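Heads up: the structure comes next, in structure tokens.
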Amino acid sequence: MATTIEHAGFHKVTALHPEEHELMAPEQLAMTPQSAARLRQKASHWLTRAQKEFHDAVFARDGSEEGKDRYASARAELDSAEAWALRVAEAVSLLRD
């Protein structure tokens with residue numbers, strides 16, 4: 001769920017997504033209607049962004065190593081976003097119970 005960024009002349013830098021900085025475990029948050037709405041919104045944004053990146057990677061595949069890496073990275077990002085969205089959904093459902 002981390003993103004690795006490489007700039008020319010710099011070492012690779014791995015940074016957590018903003019979603020991860022705020023909540024590594026959404027089920028541990030004191031759930032209020034406001035925090036539940038914020039979590040759902042963040043999950044939706046991350047999932048939408050990951051789906052777009054995956055879609056772009058699928059249609060940009062050209063057989064090169066860079067294309068394969070982009071596809072693998074986008075697939076991993078989408079998997080992470082889906083997993084986090086499911087954790088958010090479970091945490092929010094606890095609020096309703």
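Residues in the structure tokens are numbered from 1 in each chain, the chains being A, B, ... in the order shown, and ligands are numbered from 1 in the order shown.
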Q.
Set the distance at 12 Å and use only C-alpha atoms: which residues neighbour Gln41 (chain A) once local chain neighbours fewer than 6 positions away are removed? I'd like the list as a list in words.
A. Glu19, Gln34, Ser35, Leu47, Thr48, Ala85, Val88, Ala89 and Val92 of chain A
Generate a file of the selected residues that holds C-alpha atoms, formatted as an mmCIF file, in the first residue's frame.
```
data_model
loop_
_atom_site.group_PDB
_atom_site.id
_atom_site.type_symbol
_atom_site.label_atom_id
_atom_site.label_comp_id
_atom_site.auth_asym_id
_atom_site.auth_seq_id
_atom_site.Cartn_x
_atom_site.Cartn_y
_atom_site.Cartn_z
ATOM 1 C CA GLU A 19 -5.169 7.298 3.888
ATOM 2 C CA GLN A 34 -18.885 12.276 10.556
ATOM 3 C CA SER A 35 -15.821 10.032 10.685
ATOM 4 C CA LEU A 47 -10.605 3.320 -5.184
ATOM 5 C CA THR A 48 -11.589 5.602 -8.062
ATOM 6 C CA ALA A 85 -12.394 -0.015 1.184
ATOM 7 C CA VAL A 88 -13.735 0.763 5.948
ATOM 8 C CA ALA A 89 -17.062 -0.867 5.072
ATOM 9 C CA VAL A 92 -18.692 1.552 9.300
#
```
Q. If you count only C-alpha atoms, which residues fall within 8 Å of region 73-83 of chain A, apart from same-chain ones fewer than 6 positions away, as a list of chain:residue names?
A.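 Those residues are A:Met1, A:Ala43, A:Trp46, A:Leu47, A:Ala50, A:Gln51, A:Glu53, A:Phe54, A:Ala57.
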Next, dump the selected residues to file, keeping only N, CA and C atoms, as a PDB file, in the first residue's frame.
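This went into result_36.pdb:
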```
ATOM      1  N   MET A   1       0.809  -1.176   0.000  1.00  0.00           N
ATOM      2  CA  MET A   1       0.000   0.000   0.000  1.00  0.00           C
ATOM      3  C   MET A   1       0.861   1.251   0.000  1.00  0.00           C
ATOM      4  N   ALA A  43     -12.141   6.328   1.006  1.00  0.00           N
ATOM      5  CA  ALA A  43     -12.085   5.013   0.359  1.00  0.00           C
ATOM      6  C   ALA A  43     -12.556   5.117  -1.091  1.00  0.00           C
ATOM      7  N   TRP A  46      -9.808   6.920  -3.205  1.00  0.00           N
ATOM      8  CA  TRP A  46      -8.643   6.062  -3.436  1.00  0.00           C
ATOM      9  C   TRP A  46      -9.000   4.971  -4.441  1.00  0.00           C
ATOM     10  N   LEU A  47     -10.174   4.374  -4.284  1.00  0.00           N
ATOM     11  CA  LEU A  47     -10.605   3.320  -5.184  1.00  0.00           C
ATOM     12  C   LEU A  47     -10.795   3.855  -6.606  1.00  0.00           C
ATOM     13  N   ALA A  50      -7.349   4.485  -8.107  1.00  0.00           N
ATOM     14  CA  ALA A  50      -6.672   3.228  -8.420  1.00  0.00           C
ATOM     15  C   ALA A  50      -7.290   2.554  -9.646  1.00  0.00           C
ATOM     16  N   GLN A  51      -8.610   2.617  -9.765  1.00  0.00           N
ATOM     17  CA  GLN A  51      -9.275   2.044 -10.934  1.00  0.00           C
ATOM     18  C   GLN A  51      -8.857   2.769 -12.210  1.00  0.00           C
ATOM     19  N   GLU A  53      -6.003   4.423 -12.710  1.00  0.00           N
ATOM     20  CA  GLU A  53      -4.613   4.071 -12.990  1.00  0.00           C
ATOM     21  C   GLU A  53      -4.518   2.682 -13.604  1.00  0.00           C
ATOM     22  N   PHE A  54      -5.318   1.740 -13.090  1.00  0.00           N
ATOM     23  CA  PHE A  54      -5.313   0.383 -13.628  1.00  0.00           C
ATOM     24  C   PHE A  54      -5.843   0.381 -15.061  1.00  0.00           C
ATOM     25  N   ALA A  57      -3.237   1.718 -17.314  1.00  0.00           N
ATOM     26  CA  ALA A  57      -2.137   0.765 -17.467  1.00  0.00           C
ATOM     27  C   ALA A  57      -2.521  -0.388 -18.387  1.00  0.00           C
TER      28      ALA A  57
END
```
Q.
If we count only C-alpha atoms and set the cut-off at 10 Å, which residues sit around Leu95 (chain A), ignoring sequence neighbours fewer than 6 positions away in its own chain? Please answer as a PyMOL selection string.
A. chain A and resi 27+30-33+36
Residue selection dump (N, CA and C atoms) as a PDB file, in the first residue's frame:
```pdb
ATOM      1  N   GLU A  27     -11.027   0.156  11.720  1.00  0.00           N
ATOM      2  CA  GLU A  27     -11.890  -0.422  12.755  1.00  0.00           C
ATOM      3  C   GLU A  27     -11.501   0.025  14.162  1.00  0.00           C
ATOM      4  N   ALA A  30     -12.684   5.678  16.734  1.00  0.00           N
ATOM      5  CA  ALA A  30     -13.945   5.932  17.432  1.00  0.00           C
ATOM      6  C   ALA A  30     -14.916   6.423  16.360  1.00  0.00           C
ATOM      7  N   MET A  31     -15.814   5.546  15.958  1.00  0.00           N
ATOM      8  CA  MET A  31     -16.666   5.809  14.805  1.00  0.00           C
ATOM      9  C   MET A  31     -17.831   6.716  15.160  1.00  0.00           C
ATOM     10  N   THR A  32     -17.897   7.831  14.475  1.00  0.00           N
ATOM     11  CA  THR A  32     -19.027   8.760  14.564  1.00  0.00           C
ATOM     12  C   THR A  32     -19.606   8.865  13.157  1.00  0.00           C
ATOM     13  N   PRO A  33     -20.801   9.387  13.004  1.00  0.00           N
ATOM     14  CA  PRO A  33     -21.331   9.550  11.644  1.00  0.00           C
ATOM     15  C   PRO A  33     -20.418  10.405  10.753  1.00  0.00           C
ATOM     16  N   ALA A  36     -17.325   8.314   9.838  1.00  0.00           N
ATOM     17  CA  ALA A  36     -17.745   7.275   8.897  1.00  0.00           C
ATOM     18  C   ALA A  36     -17.893   7.858   7.491  1.00  0.00           C
TER      19      ALA A  36
END
```
Q) To one decimal place, how far is CA of Leu94 (chain A) from CA of Lys42 (chain A) in Å? A) 18.0 Å
Q) So how far away is CA of Arg40 (chain A) from CA of Val58 (chain A), in Å? A)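 Between these atoms lies a distance of 26.5 Å.
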